[in-house]
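Trainee: Sending over upload01.cif (mmCIF, C-alpha atoms and all ligand atoms).
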data_model
#
loop_
_atom_site.label_atom_id
_atom_site.label_comp_id
_atom_site.auth_asym_id
_atom_site.auth_seq_id
_atom_site.Cartn_x
_atom_site.Cartn_y
_atom_site.Cartn_z
CA MET A 185 11.05 20.92 18.21
CA LEU A 186 10.43 18.86 21.33
CA ALA A 187 12.73 19.17 24.32
CA LYS A 188 14.66 16.01 25.10
CA PRO A 189 14.53 13.55 26.69
CA LEU A 190 11.17 12.64 25.15
CA THR A 191 8.56 11.47 27.62
CA ARG A 192 4.94 10.39 27.77
CA LYS A 193 4.07 14.02 28.46
CA HIS A 194 5.31 14.92 24.98
CA ALA A 195 3.13 12.19 23.50
CA LEU A 196 0.08 13.54 25.32
CA ALA A 197 0.80 17.10 24.13
CA LEU A 198 1.21 15.97 20.51
CA ASP A 199 -2.03 13.98 20.63
CA ALA A 200 -3.88 16.94 22.13
CA ALA A 201 -2.80 19.08 19.17
CA ASP A 202 -3.66 16.43 16.54
CA PRO A 203 -6.49 17.64 14.24
CA LEU A 204 -7.16 14.06 13.09
CA ALA A 205 -7.31 12.50 16.56
CA SER A 206 -11.04 11.79 16.32
CA LEU A 207 -10.64 9.60 13.19
CA ARG A 208 -9.63 6.83 15.54
CA ASP A 209 -13.23 6.68 16.79
CA LEU A 210 -14.36 5.45 13.37
CA PHE A 211 -12.42 2.22 13.80
CA GLU A 212 -12.75 -0.84 16.04
CA LEU A 213 -9.55 -1.12 18.04
CA LYS A 214 -8.56 -3.85 20.45
CA PRO A 215 -7.84 -2.38 23.91
CA GLY A 216 -4.27 -2.94 25.08
CA THR A 217 -3.03 -4.00 21.66
CA ILE A 218 -1.08 -1.63 19.46
CA PHE A 219 -1.33 -2.64 15.82
CA MET A 220 1.78 -1.34 14.13
CA ASP A 221 1.11 -3.50 11.10
CA ALA A 222 -0.80 -1.24 8.76
CA ASN A 223 1.55 -2.65 6.18
CA SER A 224 -0.29 -5.97 6.35
CA ILE A 225 -3.91 -5.38 7.32
CA GLY A 226 -5.10 -1.89 8.16
CA PRO A 227 -7.69 -1.25 10.90
CA MET A 228 -11.39 -2.13 10.51
CA ALA A 229 -13.96 0.66 10.32
CA LYS A 230 -16.81 0.22 12.82
CA ALA A 231 -19.30 0.45 9.95
CA VAL A 232 -17.94 -2.75 8.40
CA ARG A 233 -20.13 -4.94 10.62
CA GLN A 234 -23.29 -3.28 9.36
CA SER A 235 -22.08 -3.43 5.78
CA ALA A 236 -21.33 -7.16 6.09
CA GLU A 237 -24.72 -7.86 7.70
CA GLY A 238 -26.41 -5.98 4.88
CA LEU A 239 -24.66 -8.08 2.29
CA LEU A 240 -25.68 -11.33 3.99
CA ASP A 241 -29.31 -10.19 4.03
CA ASP A 242 -29.07 -9.19 0.38
CA TRP A 243 -27.65 -12.57 -0.50
CA VAL A 244 -30.68 -14.26 1.06
CA ASN A 245 -33.34 -11.81 -0.07
CA LEU A 246 -32.16 -10.32 -3.32
CA ARG A 247 -29.88 -12.87 -4.93
CA ARG A 248 -29.46 -11.85 -8.59
CA ARG A 249 -31.58 -8.74 -8.09
CA GLY A 250 -28.63 -7.43 -6.08
CA TRP A 251 -26.92 -6.60 -9.39
CA SER A 252 -29.63 -4.05 -10.18
CA ASN A 253 -30.94 -3.10 -6.69
CA ARG A 254 -27.51 -2.54 -5.17
CA GLN A 255 -24.42 -0.81 -6.50
CA TRP A 256 -22.29 -3.93 -6.67
CA LEU A 257 -21.24 -3.31 -10.26
CA ASP A 258 -20.24 0.28 -9.57
CA MET A 259 -18.11 -0.45 -6.52
CA PRO A 260 -14.75 -0.66 -8.37
CA SER A 261 -15.29 2.90 -9.63
CA ARG A 262 -16.90 4.27 -6.47
CA LEU A 263 -14.11 2.94 -4.27
CA GLY A 264 -11.56 4.16 -6.81
CA ASP A 265 -13.06 7.66 -6.68
CA ALA A 266 -12.98 7.60 -2.87
CA ILE A 267 -9.27 6.82 -2.67
CA ALA A 268 -8.23 8.92 -5.70
CA PRO A 269 -7.42 12.10 -3.68
CA VAL A 270 -5.29 10.08 -1.25
CA ILE A 271 -3.03 8.98 -4.11
CA GLY A 272 -3.05 12.31 -5.91
CA ALA A 273 -5.29 11.14 -8.75
CA ASP A 274 -8.48 12.53 -10.25
CA PRO A 275 -11.75 10.69 -9.65
CA GLY A 276 -12.44 8.57 -12.71
CA ASP A 277 -8.79 7.57 -13.11
CA VAL A 278 -8.66 4.80 -10.47
CA VAL A 279 -10.55 1.53 -10.05
CA VAL A 280 -10.44 -0.85 -7.11
CA CYS A 281 -10.27 -4.45 -8.29
CA ASP A 282 -8.37 -7.73 -8.20
CA SER A 283 -5.04 -8.08 -6.40
CA THR A 284 -1.85 -6.07 -6.71
CA THR A 285 -0.24 -9.06 -8.41
CA ILE A 286 -2.89 -9.13 -11.12
CA ASN A 287 -2.85 -5.37 -11.49
CA GLN A 288 0.93 -5.47 -11.89
CA PHE A 289 0.42 -7.81 -14.83
CA LYS A 290 -2.22 -5.54 -16.35
CA ALA A 291 -0.10 -2.40 -15.92
CA VAL A 292 3.20 -3.80 -17.17
CA ALA A 293 1.53 -5.56 -20.10
CA HIS A 294 -0.28 -2.34 -21.00
CA CYS A 295 2.95 -0.32 -21.08
CA LEU A 296 4.70 -3.06 -23.08
CA ALA A 297 1.90 -2.95 -25.65
CA ILE A 298 2.28 0.83 -25.96
CA ASN A 299 6.07 0.70 -26.17
CA HIS A 300 6.04 -2.45 -28.29
CA ALA A 301 9.23 -1.66 -30.22
CA ARG A 302 11.23 -1.98 -26.97
CA SER A 303 11.89 -5.16 -25.05
CA VAL A 304 13.50 -4.40 -21.67
CA ILE A 305 11.65 -4.06 -18.34
CA LEU A 306 13.46 -2.27 -15.50
CA SER A 307 12.84 -3.05 -11.85
CA GLN A 308 14.49 -2.96 -8.43
CA SER A 309 16.24 -6.16 -7.36
CA GLY A 310 14.81 -5.47 -3.88
CA ASN A 311 11.29 -4.95 -5.22
CA PHE A 312 8.52 -6.96 -3.57
CA PRO A 313 8.78 -10.52 -4.93
CA THR A 314 5.36 -10.67 -6.57
CA ASP A 315 6.11 -7.54 -8.62
CA VAL A 316 9.29 -9.18 -9.90
CA HIS A 317 7.74 -12.62 -10.39
CA VAL A 318 4.98 -11.20 -12.59
CA ILE A 319 7.62 -9.65 -14.84
CA GLN A 320 9.69 -12.84 -14.83
CA GLY A 321 6.61 -14.78 -15.91
CA MET A 322 6.09 -12.38 -18.80
CA VAL A 323 9.74 -12.66 -19.83
CA GLU A 324 9.53 -16.46 -19.72
CA ALA A 325 6.32 -16.51 -21.78
CA SER A 326 7.86 -14.17 -24.38
CA ARG A 327 10.38 -16.89 -25.34
CA GLY A 328 13.33 -14.57 -25.62
CA ARG A 329 11.67 -11.35 -26.80
CA LEU A 330 11.56 -9.61 -23.41
CA SER A 331 14.21 -9.23 -20.73
CA LEU A 332 14.35 -7.88 -17.18
CA ARG A 333 17.09 -5.53 -15.96
CA PHE A 334 17.62 -4.88 -12.26
CA ILE A 335 18.85 -1.78 -10.53
CA ASP A 336 19.16 -1.10 -6.79
CA THR A 337 19.08 2.62 -6.18
CA GLU A 338 17.25 5.68 -7.45
CA GLU A 339 20.48 7.02 -9.00
CA GLU A 340 21.06 3.72 -10.77
CA ALA A 341 17.50 3.77 -12.11
CA ILE A 342 17.94 7.26 -13.53
CA ALA A 343 21.30 6.39 -15.07
CA ALA A 344 19.90 3.16 -16.55
CA MET A 345 17.07 4.79 -18.53
CA ASP A 346 17.68 4.34 -22.24
CA GLU A 347 15.91 3.68 -25.55
CA THR A 348 15.85 -0.10 -25.07
CA ILE A 349 13.63 0.08 -21.98
CA ALA A 350 9.89 -0.13 -22.52
CA VAL A 351 8.74 0.21 -18.91
CA ALA A 352 10.20 0.83 -15.47
CA ALA A 353 8.07 -1.05 -12.93
CA LEU A 354 9.18 0.22 -9.53
CA SER A 355 8.04 0.29 -5.93
CA HIS A 356 7.53 3.78 -4.53
CA VAL A 357 8.61 2.56 -1.09
CA ASP A 358 10.98 -0.32 -0.34
CA TYR A 359 8.98 -2.87 1.65
CA ARG A 360 11.96 -3.75 3.85
CA SER A 361 13.77 -0.50 4.56
CA GLY A 362 10.79 1.83 4.18
CA GLU A 363 12.80 4.07 1.83
CA ARG A 364 10.64 6.19 -0.45
CA TRP A 365 11.79 7.10 -3.95
CA ASP A 366 11.22 10.44 -5.66
CA MET A 367 8.47 9.40 -8.07
CA LYS A 368 8.47 12.65 -10.02
CA ARG A 369 12.23 12.75 -10.51
CA VAL A 370 12.48 9.13 -11.68
CA THR A 371 9.41 9.45 -13.90
CA GLU A 372 10.85 12.58 -15.55
CA ALA A 373 14.14 10.76 -16.22
CA ALA A 374 12.19 7.80 -17.64
CA HIS A 375 10.05 9.97 -19.90
CA ALA A 376 13.13 11.80 -21.19
CA LYS A 377 14.15 8.46 -22.75
CA GLY A 378 10.66 7.40 -23.79
CA VAL A 379 10.35 4.89 -20.90
CA LEU A 380 6.89 4.41 -19.35
CA THR A 381 6.51 4.03 -15.57
CA VAL A 382 4.43 1.78 -13.33
CA TRP A 383 4.70 2.52 -9.60
CA ASP A 384 3.61 0.13 -6.85
CA THR A 385 2.38 2.48 -4.12
CA SER A 386 1.38 -0.21 -1.61
CA HIS A 387 3.60 1.15 1.16
CA SER A 388 2.84 4.82 0.65
CA ALA A 389 -0.87 5.15 -0.19
CA GLY A 390 -2.79 6.28 2.87
CA ALA A 391 0.30 7.18 4.88
CA VAL A 392 2.58 9.55 2.95
CA PRO A 393 2.10 11.78 -0.13
CA VAL A 394 1.55 9.97 -3.43
CA ALA A 395 1.25 12.48 -6.25
CA LEU A 396 0.34 10.27 -9.18
CA LYS A 397 -1.02 13.00 -11.41
CA ALA A 398 1.58 15.63 -10.51
CA SER A 399 4.43 13.20 -11.09
CA ARG A 400 2.92 12.28 -14.49
CA THR A 401 3.45 8.60 -13.91
CA ASP A 402 1.85 6.46 -16.59
CA MET A 403 0.32 3.81 -14.36
CA ALA A 404 0.25 2.82 -10.69
CA ILE A 405 -1.01 -0.09 -8.63
CA GLY A 406 -1.16 -0.95 -4.95
CA CYS A 407 -2.64 -2.99 -2.14
CA GLY A 408 -5.93 -1.82 -0.68
CA TYR A 409 -5.62 -3.82 2.52
CA LYS A 410 -2.66 -1.93 3.99
CA TYR A 411 -3.04 1.76 4.93
CA LEU A 412 -6.18 2.12 2.81
CA CYS A 413 -8.03 -0.41 5.01
CA THR A 414 -10.00 -2.49 2.48
CA GLY A 415 -9.74 -5.42 4.90
CA PRO A 416 -8.17 -8.91 4.95
CA GLY A 417 -7.51 -9.94 1.36
CA GLY A 418 -9.26 -6.74 0.28
CA PRO A 419 -9.12 -5.54 -3.32
CA ALA A 420 -6.23 -3.58 -4.81
CA TYR A 421 -6.29 -0.54 -7.11
CA ILE A 422 -5.01 0.41 -10.51
CA TYR A 423 -4.46 3.89 -11.95
CA ALA A 424 -3.67 4.98 -15.47
CA ARG A 425 -3.19 8.43 -16.91
CA LYS A 426 -6.11 9.02 -19.29
CA ASP A 427 -4.06 9.04 -22.50
CA ILE A 428 -2.21 5.91 -21.41
CA ALA A 429 -5.40 4.04 -20.50
CA ASP A 430 -6.90 4.77 -23.91
CA ALA A 431 -3.74 4.10 -25.92
CA VAL A 432 -4.21 0.34 -26.36
CA TRP A 433 -6.51 -2.49 -25.33
CA PRO A 434 -5.95 -4.00 -21.89
CA ALA A 435 -3.95 -7.25 -22.09
CA LEU A 436 -6.47 -8.84 -19.70
CA ALA A 437 -9.54 -7.99 -21.76
CA GLY A 438 -12.53 -9.22 -19.77
CA TRP A 439 -16.24 -8.61 -20.18
CA MET A 440 -16.38 -6.06 -17.32
CA GLY A 441 -13.85 -3.94 -19.18
CA HIS A 442 -16.08 -3.89 -22.27
CA ASP A 443 -17.61 -0.64 -23.43
CA ASP A 444 -21.08 -2.23 -23.32
CA VAL A 445 -20.93 -4.86 -20.56
CA PHE A 446 -24.47 -6.18 -20.94
CA GLY A 447 -24.47 -6.01 -24.75
CA PHE A 448 -22.85 -9.47 -24.58
CA ALA A 449 -21.04 -8.80 -27.84
CA ARG A 450 -18.73 -11.52 -29.12
CA ASP A 451 -15.93 -9.11 -29.86
CA PHE A 452 -14.14 -6.99 -27.32
CA ALA A 453 -14.41 -3.21 -27.43
CA PRO A 454 -12.59 -1.48 -24.58
CA HIS A 455 -14.41 0.85 -22.21
CA PRO A 456 -12.87 4.33 -22.43
CA GLY A 457 -10.44 5.16 -19.63
CA ILE A 458 -9.60 3.21 -16.49
CA LYS A 459 -12.71 1.00 -16.50
CA ARG A 460 -11.19 -1.14 -19.27
CA PHE A 461 -8.97 -2.61 -16.52
CA ILE A 462 -11.91 -4.14 -14.63
CA ALA A 463 -11.53 -7.62 -16.02
CA GLY A 464 -14.25 -9.76 -14.44
CA THR A 465 -17.12 -9.77 -11.94
CA PRO A 466 -16.36 -7.46 -9.00
CA ALA A 467 -15.50 -9.17 -5.70
CA VAL A 468 -18.83 -8.19 -4.16
CA ALA A 469 -18.17 -9.50 -0.63
CA ALA A 470 -14.71 -7.94 -0.41
CA ASN A 471 -16.03 -4.66 -1.80
CA GLU A 472 -18.85 -4.63 0.77
CA LEU A 473 -16.27 -4.86 3.57
CA ALA A 474 -14.49 -1.92 1.99
CA LYS A 475 -17.71 0.09 1.52
CA PRO A 476 -17.39 2.25 4.70
CA LEU A 477 -14.31 3.78 3.07
CA LEU A 478 -16.67 5.61 0.71
CA ASP A 479 -17.55 7.83 3.68
CA ILE A 480 -14.15 7.91 5.34
CA TRP A 481 -11.51 8.72 2.72
CA PRO A 482 -13.27 11.66 1.02
CA LYS A 483 -13.50 13.45 4.40
CA ILE A 484 -9.77 13.22 5.08
CA ASP A 485 -7.43 15.98 4.00
CA PRO A 486 -4.42 14.08 2.56
CA GLU A 487 -2.06 16.87 3.61
CA LYS A 488 -3.15 16.65 7.25
CA LEU A 489 -2.88 12.87 7.11
CA CYS A 490 0.69 13.02 5.84
CA ALA A 491 1.61 15.73 8.38
CA LYS A 492 0.35 13.40 11.11
CA HIS A 493 2.37 10.51 9.69
CA LYS A 494 5.46 12.73 9.79
CA SER A 495 4.81 13.73 13.39
CA LEU A 496 4.23 10.10 14.47
CA THR A 497 7.25 8.67 12.68
CA ASP A 498 9.59 11.53 13.70
CA PHE A 499 8.52 10.84 17.30
CA LEU A 500 8.99 7.09 16.83
CA ILE A 501 12.49 7.43 15.39
CA ALA A 502 13.58 9.88 18.11
CA LEU A 503 12.24 7.56 20.80
CA LEU A 504 13.87 4.48 19.27
CA ASP A 505 17.20 6.32 19.24
CA GLN A 506 16.76 7.56 22.79
CA GLU A 507 15.34 4.45 24.46
CA CYS A 508 16.60 1.51 22.40
CA GLY A 509 19.73 2.86 20.67
CA PRO A 510 21.85 1.97 23.73
CA LEU A 511 20.39 -1.56 23.51
CA GLY A 512 21.66 -2.03 19.97
CA VAL A 513 18.67 -0.85 17.92
CA GLU A 514 19.64 0.90 14.69
CA VAL A 515 17.01 2.75 12.71
CA THR A 516 17.44 1.89 9.02
CA SER A 517 14.57 3.96 7.59
CA PRO A 518 15.62 7.28 6.12
CA ARG A 519 15.77 10.16 8.61
CA GLY A 520 14.06 12.71 6.37
CA HIS A 521 10.29 12.22 6.13
CA GLU A 522 10.30 12.99 2.38
CA ARG A 523 12.29 9.77 2.00
CA ARG A 524 10.15 7.61 4.28
CA GLY A 525 7.21 5.38 3.44
CA GLY A 526 4.44 4.12 5.71
CA ASN A 527 6.63 2.01 7.97
CA VAL A 528 9.70 2.66 10.07
CA SER A 529 12.30 -0.10 9.92
CA PHE A 530 15.07 -0.84 12.35
CA ARG A 531 17.66 -3.48 13.03
CA ALA A 532 18.04 -5.42 16.26
CA THR A 533 19.89 -8.55 17.29
CA GLY A 534 17.51 -11.51 17.26
CA ALA A 535 14.98 -9.45 15.24
CA GLY A 536 12.67 -12.41 14.50
CA SER A 537 12.43 -13.41 18.16
CA VAL A 538 12.09 -9.79 19.24
CA VAL A 539 9.02 -9.47 16.99
CA GLU A 540 7.59 -12.71 18.43
CA ALA A 541 7.95 -11.21 21.93
CA LEU A 542 6.50 -7.88 20.79
CA VAL A 543 3.43 -9.58 19.32
CA ASP A 544 3.03 -11.60 22.53
CA GLN A 545 3.12 -8.35 24.48
CA GLY A 546 0.54 -6.65 22.29
CA VAL A 547 2.69 -4.76 19.81
CA ILE A 548 1.74 -6.25 16.46
CA SER A 549 4.72 -5.56 14.23
CA SER A 550 6.46 -7.51 11.49
CA PHE A 551 9.80 -9.12 10.74
CA ARG A 552 11.52 -9.31 7.37
CA LYS A 553 14.64 -11.40 6.85
CA PRO A 554 17.44 -11.07 7.68
CA ASP A 555 17.17 -8.61 10.58
CA ALA A 556 14.52 -5.97 9.85
CA ILE A 557 11.73 -5.08 12.26
CA ARG A 558 8.96 -2.95 10.79
CA PHE A 559 6.54 -0.71 12.64
CA GLY A 560 3.78 0.26 10.22
CA VAL A 561 2.33 3.60 11.25
CA SER A 562 -1.27 4.19 10.18
CA PRO A 563 -2.02 7.88 10.72
CA LEU A 564 -5.74 7.05 10.83
CA VAL A 565 -5.59 5.34 14.19
CA ILE A 566 -2.11 5.41 15.74
CA SER A 567 -1.50 8.04 18.40
CA HIS A 568 1.74 9.40 19.85
CA GLN A 569 0.80 7.65 23.09
CA ASP A 570 0.64 4.35 21.17
CA ILE A 571 4.13 5.02 19.84
CA HIS A 572 5.41 5.82 23.31
CA GLU A 573 3.90 2.65 24.74
CA ALA A 574 5.15 0.44 21.87
CA VAL A 575 8.72 1.68 22.33
CA ALA A 576 8.47 1.17 26.11
CA ARG A 577 7.44 -2.47 25.53
CA LEU A 578 10.26 -2.95 23.01
CA LYS A 579 12.77 -1.50 25.47
CA ARG A 580 11.61 -3.92 28.18
CA ILE A 581 11.90 -6.90 25.83
CA LEU A 582 15.45 -5.91 24.89
CA ALA A 583 16.69 -4.76 28.30
CA GLN A 584 15.36 -7.83 30.13
CA LYS A 585 16.35 -10.14 27.24
CA ILE A 586 12.77 -11.43 27.18
CA TRP A 587 13.19 -12.24 23.46
CA LYS A 588 15.68 -14.98 24.38
CA GLN A 589 13.00 -17.10 26.01
CA PRO A 590 12.62 -20.46 24.18
CA LYS A 591 8.97 -19.74 23.30
CA TYR A 592 10.07 -16.88 21.03
CA LYS A 593 12.58 -18.98 19.12
CA LYS A 594 10.18 -20.11 16.40
CA VAL A 595 9.61 -17.14 14.12
CA SER A 596 6.29 -16.92 12.28
CA VAL A 597 5.60 -15.02 9.05
C1 LIG A 601 4.84 -3.74 -2.48
C2 LIG A 601 3.91 -4.90 -2.49
N1 LIG A 601 3.32 -5.28 -3.64
C3 LIG A 601 2.48 -6.34 -3.68
C4 LIG A 601 2.17 -7.06 -2.53
C5 LIG A 601 1.26 -8.25 -2.53
O1 LIG A 601 0.36 -8.26 -3.57
P1 LIG A 601 -0.93 -9.20 -3.50
O2 LIG A 601 -1.95 -8.48 -2.69
O3 LIG A 601 -1.30 -9.42 -4.91
O4 LIG A 601 -0.53 -10.46 -2.81
C6 LIG A 601 2.75 -6.68 -1.32
C7 LIG A 601 2.42 -7.45 -0.10
O5 LIG A 601 2.78 -7.16 0.99
C8 LIG A 601 3.63 -5.59 -1.30
O6 LIG A 601 4.23 -5.23 -0.15
#
Translate the structure described by the file into structure tokens.
Mentor:
Amino acid sequence: MLAKPLTRKHALALDAADPLASLRDLFELKPGTIFMDANSIGPMAKAVRQSAEGLLDDWVNLRRRGWSNRQWLDMPSRLGDAIAPVIGADPGDVVVCDSTTINQFKAVAHCLAINHARSVILSQSGNFPTDVHVIQGMVEASRGRLSLRFIDTEEEAIAAMDETIAVAALSHVDYRSGERWDMKRVTEAAHAKGVLTVWDTSHSAGAVPVALKASRTDMAIGCGYKYLCTGPGGPAYIYARKDIADAVWPALAGWMGHDDVFGFARDFAPHPGIKRFIAGTPAVAANELAKPLLDIWPKIDPEKLCAKHKSLTDFLIALLDQECGPLGVEVTSPRGHERRGGNVSFRATGAGSVVEALVDQGVISSFRKPDAIRFGVSPLVISHQDIHEAVARLKRILAQKIWKQPKYKKVSV
């Protein structure tokens, strides 16, 4: 427990004791700028430049021979294996492909096909819009067969589980508040009523524990470009428990999910396991930008990573209370780390303009309507000194009412 008031000296001491401090050296960071937006685009590994150059050369020199001379076709599985330990999955049960939106469709459709006698899909009303829209599109296309039921809290979700529900498609962490749900508890309650689960782990993977296998969830999906650092627009991931993957065909049955891809058979035959969810040609360029992760993620102990996230976010919350509480800041993220996701959220008057001023002053954070400010904390690169400096800049913006300047009136996305 740190003695209060918290100071820069505390930050220095915590950084000195951080076993993962050197990970930061693997990434290109912009001096003077503190990127607290791992929830949008995670940091870029230094090796990405070389990887991108290599791809451009291959494009010129190899062209179609790249398919056989390089591992382009294997990248969905290789990247999936690299991130599997971070999300508590076994290698071979995850592939990196497509977007979270598309993977949400694949996962929900898969569970509906398995639980075909049921017709209700359960989700959070505060779930990320794309997750809900995908379900709404499926309901609309079903012409009255399917319906969507909303709940708001973990307790409501558990109480709502019944024999009409085919699948509960839920976010592990609320993208606004940063609240993390108990995946194991909710999954157990779902399974007790024969409900399958799909978890969107976009705001937890790479920051806080995600125990997919231990929680026995049926499927999971998530963004690669946030804490996992696949890069701008980088590919997402999809996980399925082995028995669930093999239970039925994928709804999006593409040639890359075929058991014999280059057999060019007319009729589909699903690849065993997770590979059946690779629908089409891998996004070679995006995967090449993500390639350095093959060396990075397997070297990281997920437990140490999560312990660092706890230390950083505990420090952030305590500093926000101490420095900005008197200026009207109210932390809305849960206080216990076991209930927090990757980002810490807080409320402030004029939140949109405050974020504009923060970004202008080199603290890249994000705003979500109506009044939430989010600091995404990537344990790969953020230090306690960064946290201390970011809060100091926030305090200045609030205390000197800098956010009221006309140039910060227009709020960007
Ligand atoms: C929880 C969650 N799911 C999905 C998405 C977006 O999915 P996609 O990458 O398909 O746009 C986001 C984007 O921030 C998100 O926060």
Trainee: Give, as lines of an AutoDock Vina configuration file, the centre coordinates and the x, y and z edge lengths in Å to one decimal for an axis-aligned box around all listed atoms of segment 538-544 of chain A, padded by 8 Å on each side.
Mentor:
center_x = 7.6
center_y = -10.3
center_z = 19.8
size_x = 25.1
size_y = 20.8
size_z = 21.5
Trainee: Excluding same-chain residues fewer than 6 positions from Ser399 of chain A, what lies within 8 Å of it counting only C-alpha atoms, as a list in words?
Mentor: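 Selected residues are Met367, Lys368, Arg369, Thr371 and Glu372 of chain A.
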Trainee: Could you list, as a PyMOL selection string, all protein and nucleic acid residues with an atom at most 9 Å from ligand LIG 601 (chain A), counting all atoms listed in the file?
Mentor: chain A and resi 223-224+282-288+311-315+355-360+384-387+405-410+417-420
Trainee: Deliver the residues from the most recent selection as a file, using C-alpha atoms, as a compact mmCIF listing (two decimals), keeping the file's coordinate frame.
Mentor:
# COMPACT_ATOMS: atom_id res chain seq x y z
CA ASN A 223 1.55 -2.65 6.18
CA SER A 224 -0.29 -5.97 6.35
CA ASP A 282 -8.37 -7.73 -8.20
CA SER A 283 -5.04 -8.08 -6.40
CA THR A 284 -1.85 -6.07 -6.71
CA THR A 285 -0.24 -9.06 -8.41
CA ILE A 286 -2.89 -9.13 -11.12
CA ASN A 287 -2.85 -5.37 -11.49
CA GLN A 288 0.93 -5.47 -11.89
CA ASN A 311 11.29 -4.95 -5.22
CA PHE A 312 8.52 -6.96 -3.57
CA PRO A 313 8.78 -10.52 -4.93
CA THR A 314 5.36 -10.67 -6.57
CA ASP A 315 6.11 -7.54 -8.62
CA SER A 355 8.04 0.29 -5.93
CA HIS A 356 7.53 3.78 -4.53
CA VAL A 357 8.61 2.56 -1.09
CA ASP A 358 10.98 -0.32 -0.34
CA TYR A 359 8.98 -2.87 1.65
CA ARG A 360 11.96 -3.75 3.85
CA ASP A 384 3.61 0.13 -6.85
CA THR A 385 2.38 2.48 -4.12
CA SER A 386 1.38 -0.21 -1.61
CA HIS A 387 3.60 1.15 1.16
CA ILE A 405 -1.01 -0.09 -8.63
CA GLY A 406 -1.16 -0.95 -4.95
CA CYS A 407 -2.64 -2.99 -2.14
CA GLY A 408 -5.93 -1.82 -0.68
CA TYR A 409 -5.62 -3.82 2.52
CA LYS A 410 -2.66 -1.93 3.99
CA GLY A 417 -7.51 -9.94 1.36
CA GLY A 418 -9.26 -6.74 0.28
CA PRO A 419 -9.12 -5.54 -3.32
CA ALA A 420 -6.23 -3.58 -4.81
Trainee: Sort by chain and increasing residue number a table of all residues of segment 417-499 of chain A within 9 Å of segment 203-213 of chain A, each with its closest pair of atoms and their distance in Å to one decimal, counting all atoms listed in the file, and write it as a tab-separated table.
Mentor:
residue	atom	partner	partner_atom	distance
A:Ile480	CA	A:Leu210	CA	8.4
A:Ile484	CA	A:Leu204	CA	8.5
A:Lys488	CA	A:Leu204	CA	7.5
A:Leu489	CA	A:Leu204	CA	7.4
A:Lys492	CA	A:Leu204	CA	7.8
Trainee: When you count only C-alpha atoms, which of these residues is closest to Leu500 of chain A: A:Met220, A:Ala350, A:Val280, A:Val304?
Mentor: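 Selected residue with least distance to Leu500 of chain A: A:Met220.
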Trainee: Find the residues near segment 551-557 of chain A: any atom within 10 Å, counting all atoms listed in the file, skip ones fewer than 3 places away on the same chain, and give them as a list in words.
Mentor: Tyr359, Arg360, Ser361, Val513, Glu514, Val515, Thr516, Asn527, Val528, Ser529, Phe530, Arg531, Ala532, Thr533, Gly534, Ala535, Gly536, Ser537, Val538, Val539, Glu540, Gly560, Val595, Ser596 and Val597 of chain A
Trainee: I want to know what sits within 7 Å of Ile462 of chain A, based on only C-alpha atoms, with residues of the same chain fewer than 6 positions away left out; could you give that as a JSON list (two decimals) with C-alpha atoms, in the coordinates of the input?
Mentor:
[["chain", "number", "residue", "atom", "x", "y", "z"],
["A", 281, "CYS", "CA", -10.27, -4.45, -8.29],
["A", 440, "MET", "CA", -16.38, -6.06, -17.32],
["A", 441, "GLY", "CA", -13.85, -3.94, -19.18]]
Trainee: I need every residue sitting at most 12 Å from the point (3.3, 11.3, 29.1) (coordinates as in the file, all atoms listed in the file considered), written as a list in words.
Mentor: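 So the residues meeting the distance criterion are Pro189, Leu190, Thr191, Arg192, Lys193, His194, Ala195, Leu196, Ala197, Leu198, Asp199, Ala200, His568, Gln569, Asp570, Ile571, His572, Glu573 and Ala576 of chain A.
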Trainee: Between A:Ala467, A:Ala389, A:Val379, A:Ile458, single out the one closest to Ala341 of chain A, counting all atoms listed in the file.
Mentor: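 For Ala341 of chain A, the nearest of the candidates is A:Val379.
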Trainee: Neighbours of Ala291 of chain A within 10 Å (all atoms listed in the file; same-chain residues fewer than 5 positions away dropped), as a list of chain:residue names?
Mentor: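 Everything that qualifies: A:Ile286, A:Leu296, A:Ala297, A:Val351, A:Ala353, A:Thr381, A:Val382, A:Trp383, A:Asp402, A:Met403, A:Ala404, A:Ile405, A:Ile422, A:Tyr423, A:Ala424, A:Ala429, A:Pro434, A:Ala435, A:Leu436, A:Phe461.
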Trainee: So what do you get for atom CA of Ser562 of chain A versus atom CA of His493 of chain A, distance-wise?
Mentor: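 These two atoms are separated by 7.3 Å.
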Trainee: Which residues, written as a PyMOL selection string, have at least one atom at most 12 Å from Leu240 of chain A, with all atoms listed in the file counted and residues fewer than 6 positions away on the same chain left out?
Mentor: chain A and resi 233-234+246-247+250+468-469+472-473
Trainee: If you measure from atom CA of Ser307 of chain A to atom CA of Asp221 of chain A, what distance in Å do you get, rounded to one decimal?
Mentor: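 So the two atoms, atom CA of Ser307 of chain A and atom CA of Asp221 of chain A, lie 25.8 Å apart.
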Trainee: What separation in Å, quoted to one decimal, exists between atom CA of Glu363 of chain A and atom CA of Asp485 of chain A?
Mentor: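 That distance, rounded to one decimal, is 23.6 Å.
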Trainee: Identify the residues within 10 Å of coordinate (12.2, -4.7, 24.2) (same frame as the file), considering only C-alpha atoms, and give the answer as a PyMOL selection string.
Mentor: chain A and resi 507-508+511+513+532+538-539+541-542+545+574-587
Trainee: Nearest to Tyr411 of chain A: which of A:Trp481, A:Phe289, A:Trp251, A:Phe334 is it, counting all atoms listed in the file?
Mentor: A:Trp481
